[in-house]
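Structure below is my_file-v3.cif: mmCIF, C-alpha atoms and all ligand atoms.
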data_work
loop_
_atom_site.label_atom_id
_atom_site.label_comp_id
_atom_site.auth_asym_id
_atom_site.auth_seq_id
_atom_site.Cartn_x
_atom_site.Cartn_y
_atom_site.Cartn_z
CA MET A 4 104.03 119.23 119.41
CA GLN A 5 102.83 115.75 120.33
CA HIS A 6 101.84 114.89 116.72
CA GLY A 7 102.47 116.27 113.25
CA GLY A 8 99.82 118.14 111.32
CA ASN A 9 98.93 120.88 113.81
CA VAL A 10 98.73 123.62 111.18
CA TRP A 11 96.62 125.76 113.53
CA ARG A 12 99.37 125.96 116.13
CA ALA A 13 102.16 126.27 113.53
CA ALA A 14 100.39 129.18 111.81
CA GLN A 15 100.29 130.99 115.16
CA ALA A 16 103.85 130.07 116.16
CA TYR A 17 105.48 131.12 112.88
CA GLY A 18 103.09 133.90 111.90
CA VAL A 19 102.40 132.25 108.53
CA PRO A 20 98.80 132.06 107.24
CA LYS A 21 97.49 128.46 107.42
CA GLU A 22 96.84 128.43 103.66
CA ARG A 23 100.53 129.10 102.93
CA ILE A 24 101.83 126.28 105.09
CA LEU A 25 103.51 123.33 103.36
CA ASP A 26 102.78 120.53 105.79
CA PHE A 27 105.32 117.70 105.58
CA SER A 28 104.66 116.86 109.24
CA ALA A 29 101.41 114.89 108.74
CA ASN A 30 101.34 111.83 106.48
CA ILE A 31 98.35 112.80 104.37
CA ASN A 32 97.73 112.16 100.64
CA PRO A 33 98.95 115.39 98.95
CA LEU A 34 96.14 115.18 96.38
CA GLY A 35 93.63 116.05 99.11
CA PRO A 36 90.32 114.18 99.31
CA SER A 37 88.91 112.36 96.29
CA PRO A 38 86.75 114.68 94.12
CA LYS A 39 83.99 112.08 94.43
CA ALA A 40 84.26 112.26 98.22
CA MET A 41 84.01 116.06 98.09
CA ALA A 42 80.87 115.82 95.94
CA ALA A 43 79.41 113.22 98.32
CA LEU A 44 80.18 115.51 101.27
CA GLN A 45 78.38 118.42 99.62
CA ALA A 46 75.36 116.23 98.96
CA ALA A 47 75.45 114.82 102.51
CA LEU A 48 75.12 118.29 104.03
CA ALA A 49 71.44 118.32 103.06
CA ASP A 50 70.97 115.22 105.21
CA ILE A 51 72.61 116.33 108.43
CA LYS A 52 69.17 117.01 109.84
CA HIS A 53 68.93 113.20 110.08
CA TYR A 54 70.90 110.87 112.31
CA PRO A 55 73.52 108.84 110.46
CA GLU A 56 73.26 105.06 110.35
CA PRO A 57 74.13 104.08 113.96
CA GLN A 58 76.90 101.62 113.04
CA ALA A 59 77.62 102.98 109.55
CA GLU A 60 76.01 99.81 108.21
CA THR A 61 76.19 100.66 104.50
CA LEU A 62 79.84 101.59 104.74
CA ARG A 63 80.54 98.48 106.80
CA ARG A 64 78.92 96.35 104.07
CA LEU A 65 81.08 97.99 101.40
CA ILE A 66 84.23 97.36 103.45
CA ALA A 67 83.15 93.73 103.93
CA ASN A 68 82.74 93.39 100.15
CA ILE A 69 86.11 94.98 99.40
CA THR A 70 88.11 93.13 102.07
CA GLY A 71 86.27 89.79 102.28
CA VAL A 72 86.01 90.22 106.08
CA PRO A 73 82.46 89.36 107.30
CA GLU A 74 80.40 92.31 108.59
CA SER A 75 80.18 90.67 112.03
CA MET A 76 83.97 91.10 112.28
CA LEU A 77 84.07 94.81 111.43
CA ILE A 78 83.48 97.95 113.46
CA LEU A 79 83.73 101.54 112.23
CA GLY A 80 85.18 104.30 114.37
CA ASN A 81 85.59 108.04 114.54
CA GLY A 82 89.14 107.64 113.29
CA ALA A 83 91.33 104.63 114.01
CA ALA A 84 92.46 106.41 117.18
CA GLU A 85 89.02 106.01 118.77
CA LEU A 86 89.20 102.26 118.28
CA ILE A 87 92.68 101.99 119.87
CA TYR A 88 91.31 103.64 123.01
CA ALA A 89 88.13 101.56 123.01
CA LEU A 90 90.13 98.33 122.66
CA ALA A 91 91.97 99.07 125.90
CA GLY A 92 88.65 98.75 127.75
CA VAL A 93 87.74 95.49 126.05
CA ILE A 94 90.99 93.53 125.79
CA LYS A 95 92.34 94.47 129.24
CA PRO A 96 95.71 92.85 128.51
CA ARG A 97 97.94 91.47 131.23
CA ARG A 98 100.76 93.46 129.64
CA VAL A 99 101.25 95.44 126.43
CA VAL A 100 104.37 94.63 124.44
CA LEU A 101 105.36 97.65 122.38
CA PRO A 102 108.26 97.74 119.94
CA VAL A 103 109.39 101.38 119.66
CA PRO A 104 109.64 103.77 117.92
CA ALA A 105 105.88 103.58 117.35
CA PHE A 106 102.77 105.74 117.13
CA SER A 107 102.51 107.29 120.60
CA GLU A 108 98.77 106.71 121.06
CA TYR A 109 99.26 102.96 121.75
CA ALA A 110 101.09 103.70 125.00
CA ALA A 111 98.65 106.50 125.87
CA ALA A 112 95.53 104.38 125.24
CA PHE A 113 96.88 101.47 127.29
CA ALA A 114 98.36 103.69 130.03
CA ALA A 115 96.43 101.81 132.73
CA PHE A 116 98.20 98.53 131.86
CA ALA A 117 101.71 97.24 132.37
CA GLN A 118 103.85 97.92 129.29
CA LEU A 119 107.02 96.30 128.06
CA GLU A 120 108.89 98.50 125.60
CA VAL A 121 111.17 96.77 123.10
CA VAL A 122 113.61 99.26 121.58
CA LEU A 123 114.23 98.47 117.90
CA PRO A 124 117.88 98.77 116.78
CA PRO A 125 118.70 101.96 114.82
CA GLU A 126 121.72 100.27 113.24
CA GLN A 127 119.31 97.82 111.58
CA ASN A 128 116.91 100.55 110.47
CA PHE A 129 114.56 99.62 113.35
CA CYS A 130 113.71 96.17 111.95
CA LEU A 131 111.84 93.74 114.19
CA ASP A 132 113.55 90.68 115.57
CA VAL A 133 110.52 88.39 115.38
CA GLY A 134 112.12 85.51 117.29
CA GLN A 135 113.11 87.80 120.17
CA LEU A 136 109.63 89.36 120.31
CA LEU A 137 107.86 86.02 120.38
CA ARG A 138 110.12 84.73 123.16
CA LEU A 139 109.03 87.67 125.34
CA LEU A 140 105.32 86.94 125.05
CA GLN A 141 103.27 85.49 127.88
CA PRO A 142 99.60 84.48 128.00
CA GLY A 143 97.29 87.51 128.10
CA ASP A 144 99.87 89.88 126.58
CA LEU A 145 98.95 92.21 123.74
CA LEU A 146 101.60 92.82 121.09
CA ILE A 147 101.01 96.00 119.08
CA LEU A 148 102.74 96.49 115.74
CA ALA A 149 102.21 98.86 112.86
CA ASN A 150 102.76 97.65 109.32
CA PRO A 151 104.12 99.82 107.73
CA ASN A 152 105.49 101.27 110.95
CA ASN A 153 105.13 104.93 111.80
CA PRO A 154 107.49 106.82 112.05
CA THR A 155 110.15 104.47 110.65
CA GLY A 156 108.37 103.53 107.39
CA GLY A 157 109.51 99.91 107.76
CA LEU A 158 107.49 97.01 106.36
CA ILE A 159 107.33 93.53 107.87
CA GLU A 160 108.23 90.62 105.57
CA PRO A 161 105.37 88.18 104.73
CA THR A 162 107.22 85.22 106.30
CA GLU A 163 107.71 87.24 109.49
CA LEU A 164 104.07 88.24 109.53
CA ALA A 165 103.09 84.57 109.32
CA GLN A 166 105.45 83.78 112.22
CA LEU A 167 103.98 86.62 114.27
CA VAL A 168 100.39 85.48 113.75
CA TRP A 169 101.22 81.88 114.53
CA GLY A 170 103.59 82.70 117.42
CA THR A 171 101.25 85.11 119.24
CA GLY A 172 98.46 82.51 119.11
CA ARG A 173 100.76 79.81 120.46
CA ALA A 174 101.83 82.12 123.32
CA GLY A 175 98.18 82.82 124.23
CA ALA A 176 98.74 86.50 123.41
CA TRP A 177 96.80 89.05 121.35
CA LEU A 178 98.20 90.65 118.22
CA LEU A 179 97.03 94.09 117.06
CA VAL A 180 98.43 95.05 113.65
CA ASP A 181 97.87 98.70 112.80
CA GLU A 182 97.59 98.97 109.01
CA ALA A 183 96.78 102.70 108.97
CA PHE A 184 99.20 103.17 106.03
CA MET A 185 98.77 99.81 104.26
CA ASP A 186 96.72 101.38 101.42
CA PHE A 187 99.97 102.99 100.21
CA VAL A 188 101.69 99.59 99.86
CA ARG A 189 101.52 97.65 96.58
CA PRO A 190 101.42 94.68 96.54
CA SER A 191 99.54 94.89 99.81
CA ARG A 192 100.74 92.92 102.82
CA THR A 193 97.48 93.24 104.67
CA LEU A 194 96.57 90.58 107.22
CA LEU A 195 92.85 91.25 106.80
CA PRO A 196 92.26 87.85 105.13
CA GLU A 197 93.83 86.16 108.19
CA VAL A 198 91.47 87.62 110.78
CA SER A 199 88.72 85.02 110.26
CA GLY A 200 90.92 82.05 111.12
CA HIS A 201 92.81 83.67 114.02
CA PRO A 202 90.59 84.99 116.83
CA TRP A 203 93.53 86.62 118.68
CA LEU A 204 94.43 88.76 115.63
CA MET A 205 93.03 92.28 115.22
CA ILE A 206 93.66 94.62 112.28
CA LEU A 207 93.24 98.36 112.48
CA ARG A 208 92.74 100.51 109.38
CA SER A 209 92.44 104.25 108.92
CA LEU A 210 90.85 106.13 106.02
CA THR A 211 92.21 109.49 107.11
CA LYS A 212 95.67 109.21 105.53
CA PHE A 213 95.27 107.66 102.09
CA PHE A 214 91.92 109.38 101.53
CA ALA A 215 93.09 112.69 103.05
CA MET A 216 90.34 113.28 105.57
CA PRO A 217 91.93 113.54 109.02
CA GLY A 218 89.54 116.36 109.84
CA LEU A 219 86.55 114.11 109.17
CA ARG A 220 87.79 111.07 111.17
CA LEU A 221 87.21 107.53 109.87
CA GLY A 222 88.73 104.14 110.62
CA TYR A 223 87.79 100.52 111.22
CA LEU A 224 88.87 97.44 113.08
CA ALA A 225 88.61 93.81 111.98
CA ALA A 226 88.51 91.29 114.83
CA ALA A 227 86.68 88.25 116.20
CA PRO A 228 82.88 88.76 116.39
CA TYR A 229 82.80 88.74 120.21
CA ILE A 230 85.37 91.55 120.38
CA ILE A 231 83.41 93.54 117.81
CA LYS A 232 80.26 92.99 119.88
CA GLN A 233 81.91 94.20 123.09
CA LEU A 234 83.33 97.27 121.34
CA THR A 235 79.93 98.04 119.82
CA ASP A 236 78.32 97.77 123.27
CA CYS A 237 80.76 100.16 124.89
CA LEU A 238 80.96 102.79 122.13
CA PRO A 239 78.13 105.25 121.40
CA PRO A 240 76.03 104.77 118.26
CA TRP A 241 76.29 107.44 115.49
CA ARG A 242 79.95 107.99 116.32
CA VAL A 243 80.81 108.11 112.60
CA ASN A 244 79.00 111.22 111.46
CA LEU A 245 76.89 111.34 108.32
CA PRO A 246 79.34 113.33 106.12
CA ALA A 247 82.18 110.99 107.14
CA GLN A 248 80.12 107.93 106.16
CA ALA A 249 79.27 109.52 102.79
CA ALA A 250 82.90 110.47 102.12
CA GLY A 251 84.08 106.99 103.11
CA LEU A 252 81.65 105.32 100.70
CA ALA A 253 82.68 107.57 97.81
CA SER A 254 86.42 107.36 98.55
CA LEU A 255 86.65 103.59 98.70
CA GLN A 256 84.91 103.31 95.30
CA ASP A 257 87.00 105.98 93.55
CA THR A 258 89.43 103.65 91.79
CA ASP A 259 90.87 106.43 89.55
CA TYR A 260 91.85 108.43 92.63
CA ILE A 261 93.33 105.34 94.28
CA GLU A 262 95.48 104.53 91.24
CA THR A 263 96.57 108.16 90.74
CA THR A 264 97.58 108.38 94.40
CA LEU A 265 99.64 105.21 94.25
CA LYS A 266 101.49 106.34 91.11
CA LEU A 267 102.18 109.79 92.56
CA ILE A 268 103.37 108.52 95.93
CA HIS A 269 105.60 105.78 94.57
CA ARG A 270 107.26 108.07 92.02
CA GLN A 271 107.65 111.00 94.42
CA ARG A 272 108.85 108.85 97.31
CA ASP A 273 111.78 107.60 95.25
CA TRP A 274 112.51 111.09 93.97
CA LEU A 275 112.38 112.70 97.43
CA ALA A 276 114.43 109.92 99.04
CA ALA A 277 117.12 110.33 96.35
CA GLY A 278 117.11 114.10 96.88
CA LEU A 279 117.45 113.72 100.65
CA ALA A 280 120.25 111.16 100.31
CA ALA A 281 122.14 113.57 98.04
CA LEU A 282 122.23 116.25 100.79
CA PRO A 283 125.33 116.01 102.99
CA GLY A 284 124.65 114.58 106.45
CA LEU A 285 121.13 113.28 105.76
CA ARG A 286 120.26 109.59 105.62
CA PRO A 287 116.70 108.70 104.57
CA LEU A 288 115.59 105.28 105.83
CA PRO A 289 113.90 102.76 103.52
CA ALA A 290 110.25 103.85 103.28
CA ALA A 291 107.24 101.69 102.42
CA ALA A 292 104.44 104.23 102.80
CA ASN A 293 103.99 107.98 102.11
CA TYR A 294 106.59 109.31 104.54
CA ILE A 295 110.34 109.09 105.08
CA LEU A 296 112.25 109.02 108.36
CA VAL A 297 115.52 110.92 108.05
CA ASP A 298 118.62 110.44 110.23
CA CYS A 299 120.39 113.81 110.35
CA ARG A 300 123.10 112.97 112.93
CA ALA A 301 126.02 113.09 110.49
CA GLY A 302 125.15 116.67 109.52
CA GLY A 303 125.54 117.91 113.10
CA LEU A 304 122.23 119.84 113.22
CA THR A 305 119.39 118.47 115.35
CA ALA A 306 115.92 117.94 113.92
CA GLY A 307 114.76 120.76 116.19
CA GLN A 308 117.27 123.17 114.64
CA ILE A 309 116.26 122.15 111.11
CA GLN A 310 112.60 122.50 112.08
CA ALA A 311 113.25 125.99 113.51
CA HIS A 312 114.83 127.10 110.21
CA LEU A 313 112.01 125.71 108.06
CA GLY A 314 109.08 126.91 110.21
CA PRO A 315 109.25 130.65 109.41
CA ALA A 316 109.29 129.72 105.68
CA GLY A 317 105.98 127.94 106.30
CA ILE A 318 107.46 124.45 105.93
CA LEU A 319 106.56 121.93 108.63
CA ILE A 320 108.49 118.74 109.27
CA ARG A 321 107.95 116.24 112.08
CA ASN A 322 110.70 116.56 114.68
CA CYS A 323 110.83 113.00 116.03
CA ASP A 324 112.64 113.72 119.29
CA ASN A 325 109.53 112.87 121.35
CA PHE A 326 109.22 109.34 119.93
CA ARG A 327 110.39 106.70 122.40
CA GLY A 328 113.35 104.92 120.79
CA LEU A 329 114.45 107.94 118.72
CA ASP A 330 116.49 111.00 119.69
CA SER A 331 116.93 114.58 118.55
CA TYR A 332 118.64 113.56 115.28
CA TYR A 333 115.58 112.21 113.46
CA PHE A 334 112.85 113.95 111.52
CA ARG A 335 110.05 112.64 109.32
CA VAL A 336 108.70 114.13 106.12
CA ALA A 337 105.56 113.22 104.20
CA VAL A 338 105.82 112.62 100.46
CA ARG A 339 104.08 115.48 98.66
CA SER A 340 103.85 116.74 95.06
CA GLN A 341 107.03 117.15 92.98
CA GLU A 342 106.90 120.94 93.30
CA GLU A 343 106.42 120.83 97.07
CA ASN A 344 109.15 118.22 97.50
CA ARG A 345 111.48 120.40 95.42
CA ILE A 346 110.81 123.38 97.71
CA LEU A 347 111.57 121.24 100.78
CA LEU A 348 114.85 119.98 99.29
CA HIS A 349 115.86 123.49 98.30
CA HIS A 350 115.31 124.84 101.83
CA LEU A 351 117.07 121.85 103.40
CA GLN A 352 120.06 122.41 101.13
CA THR A 353 120.26 126.07 102.14
CA ILE A 354 120.19 125.16 105.84
CA ILE A 355 122.72 122.35 105.56
CA THR A 356 125.24 124.07 103.32
CA GLY A 357 124.91 127.24 105.43
C1 LIG B 1 100.16 104.36 112.82
C2 LIG B 1 98.92 105.17 113.06
N1 LIG B 1 97.82 104.53 113.45
C3 LIG B 1 96.66 105.21 113.67
C4 LIG B 1 96.60 106.56 113.52
C5 LIG B 1 95.30 107.27 113.80
O1 LIG B 1 94.59 107.45 112.61
P1 LIG B 1 93.18 108.17 112.57
O2 LIG B 1 93.40 109.52 111.97
O3 LIG B 1 92.33 107.29 111.71
O4 LIG B 1 92.67 108.25 113.98
C6 LIG B 1 97.73 107.27 113.12
C7 LIG B 1 97.68 108.73 112.97
O5 LIG B 1 98.66 109.39 112.76
C8 LIG B 1 98.93 106.55 112.88
O6 LIG B 1 100.04 107.17 112.51
#

Mind turning the file's structure into C-alpha cells?
Ligand SMILES: Cc1ncc(COP(=O)(O)O)c(C=O)c1O
Amino acid sequence: MQHGGNVWRAAQAYGVPKERILDFSANINPLGPSPKAMAALQAALADIKHYPEPQAETLRRLIANITGVPESMLILGNGAAELIYALAGVIKPRRVVLPVPAFSEYAAAFAAFAQLEVVLPPEQNFCLDVGQLLRLLQPGDLLILANPNNPTGGLIEPTELAQLVWGTGRAGAWLLVDEAFMDFVRPSRTLLPEVSGHPWLMILRSLTKFFAMPGLRLGYLAAAPYIIKQLTDCLPPWRVNLPAQAAGLASLQDTDYIETTLKLIHRQRDWLAAGLAALPGLRPLPAAANYILVDCRAGGLTAGQIQAHLGPAGILIRNCDNFRGLDSYYFRVAVRSQEENRILLHHLQTIITG
C-alpha cells in the first residue's frame, strides 16, 4: 500500500472486521478526536444545508490568534496534502531538492519539475547535513523538509533550522517546512514565527494527525501574502467543508485534550521504544513525534514478513520498503495506548522468537 492507514483494504485483505483492526500504520492520535470536536460535528450537521465560509475565515482567525501569523499569510486546505499539490502550481520551482526518506506526496505533487534527491545516511539515523544541503541549492530551487520527519521521526536542531532559513534565502531558494507532526513536539520547534520576516519560507501544518481527523481533512499553510493570494485564486472556495471547520475550531481550543494527548504520547513513546529495543534484532530510531521507525535488519526478517504475520491478527504496521532511501528492513509503528502497544509487542515477540 502506498500509505499507511488503509483499514478498508486491510480489512478485505486479512478478512478481519475494520472495527477489530489495531492500526499502527497511520500516525493518528490514539485518543480519537476531541470530545468537543465530536460535539461540534454533531451540531454542525444541522447546518450542512448552508455553504461553509468560503475561506474558513473564522477558523483562519483563530489560527492567526494562536500562532501570531497574520491572517493574510494563512490559507486553509482540505488536508495539508491539498496544499502541497496546489503549491506546485504556484511556486513552479526550477528544481525540487528532496532529502529522503520523506513523505512520498512531495515527489508526486512536484512530479512535473526536476527533482534532486538527497539520500540521508542510515548510519547517522537519517540526520540532515545542513551544510551539504545548502551547498547544493541554486536560485529558484525549492527545498522541502519535514520537521519532525516522516517516516524517520527525526527532529532538526534549532541552530540548524536557523541556518536553513538563512541559507535558503541567501541561495535565492524556497524553503517548505512540513510541520504536520509538530503539535506532538514539546517544546515546539515550529518556524511559524519566522514566516513574517522571511518571504521564501513556507510552513505547512496538518490537523488530521494530532486531532485525529484524517477522514475529515484539514490543514493550513503559512507563507508570504502574495503566495497565499495566488493559492486562494487557484483553489476552489468552500474546499474546507462545514463539519471540518467546526471540528477544527473546537479541537484547537480543547486544551485539556491537547495536554492529555501530549502526556499519553510522550509516556507511551518511551515505553514502546524501550519494549521494541528489548526485542532481539529490532532497533527503534530516536523518535520526536507519535511514531517510531524500526530497523529490523539484524533480526533477519523483512518488514514485509513481519507485516504478513501481524496482518491476520488484525495488527497493521507500515512496511517502509516503498520509501525512497529505505529498504525492506524498516517498518514504522504509531504510538498507541498502553494496552494496544502491549499487544503489538507481544505479537512481535512471538514472531521474532519463533
Ligand atoms: C509529513 C506529512 N505531511 C503531510 C501529510 C498530509 O496530511 P493531511 O492528512 O493533512 O493531508 C502527511 C500525511 O501522512 C504527512 O505524513

Task: Pick from A:Leu279, A:Ala253, A:Leu267, A:Ala290, whichever lies nearest to Gln45 (chain A) using all atoms listed in the file - done: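 Of all the options, A:Ala253 lies closest to Gln45 (chain A).
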
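Ranking A:Lys212, A:His269, A:Arg138, A:Lys232 by their shortest atom-to-atom distance to Ser254 (chain A), with only C-alpha atoms included, puts A:Lys212 first.
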
Surrounding residues as a CSV table (one decimal) with C-alpha atoms, in the frame of the given file, ligand LIG 1 (chain B), max 7 Å, only C-alpha atoms and all ligand atoms:
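The resulting file, part.csv, is shown below:
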chain,number,residue,atom,x,y,z
A,82,GLY,CA,89.1,107.6,113.3
A,83,ALA,CA,91.3,104.6,114.0
A,84,ALA,CA,92.5,106.4,117.2
A,85,GLU,CA,89.0,106.0,118.8
A,106,PHE,CA,102.8,105.7,117.1
A,149,ALA,CA,102.2,98.9,112.9
A,152,ASN,CA,105.5,101.3,111.0
A,153,ASN,CA,105.1,104.9,111.8
A,181,ASP,CA,97.9,98.7,112.8
A,183,ALA,CA,96.8,102.7,109.0
A,184,PHE,CA,99.2,103.2,106.0
A,209,SER,CA,92.4,104.2,108.9
A,210,LEU,CA,90.8,106.1,106.0
A,211,THR,CA,92.2,109.5,107.1
A,212,LYS,CA,95.7,109.2,105.5
A,217,PRO,CA,91.9,113.5,109.0
A,220,ARG,CA,87.8,111.1,111.2
A,221,LEU,CA,87.2,107.5,109.9
A,222,GLY,CA,88.7,104.1,110.6

Task: Neighbour list for region 343-347 of chain A as a list in words, cut-off 9 Å, only C-alpha atoms, skip fewer than 6 positions in-chain - done: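 In the requested format, the answer is Leu25, Phe27, Gln271, Trp274, Leu275, Gly278, Leu313 and Ile318 of chain A.
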
Could you work out an axis-aligned bounding box for all listed atoms of region 75-94 of chain A, with 5 Å added on each of the six sides, and give its centre and edge lengths in Å to one decimal, as JSON?
{"center_x": 86.4, "center_y": 99.4, "center_z": 119.6, "size_x": 22.5, "size_y": 27.4, "size_z": 26.3}

Open item on the list: Give me the residues near Ala311 (chain A) as a list in words, where near means some atom within 12 Å (using all atoms listed in the file) and where sequence neighbours in that chain fewer than 4 positions away do not count.
Closed with: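 My list of contacting residues is Ala13, Ala16, Tyr17, Leu304, Thr305, Ala306, Gly307, Pro315, Ala316, Gly317, Ile318, Leu319, Ile320, Arg321, Asn322, His350, Leu351 and Ile354 of chain A.
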
Open item on the list: Give me the residues near Leu146 (chain A) as number ranges by chain, where near means some atom within 6 Å (using only C-alpha atoms) and where sequence neighbours in that chain fewer than 2 positions away do not count.
Closed with: A: 99-100, 178
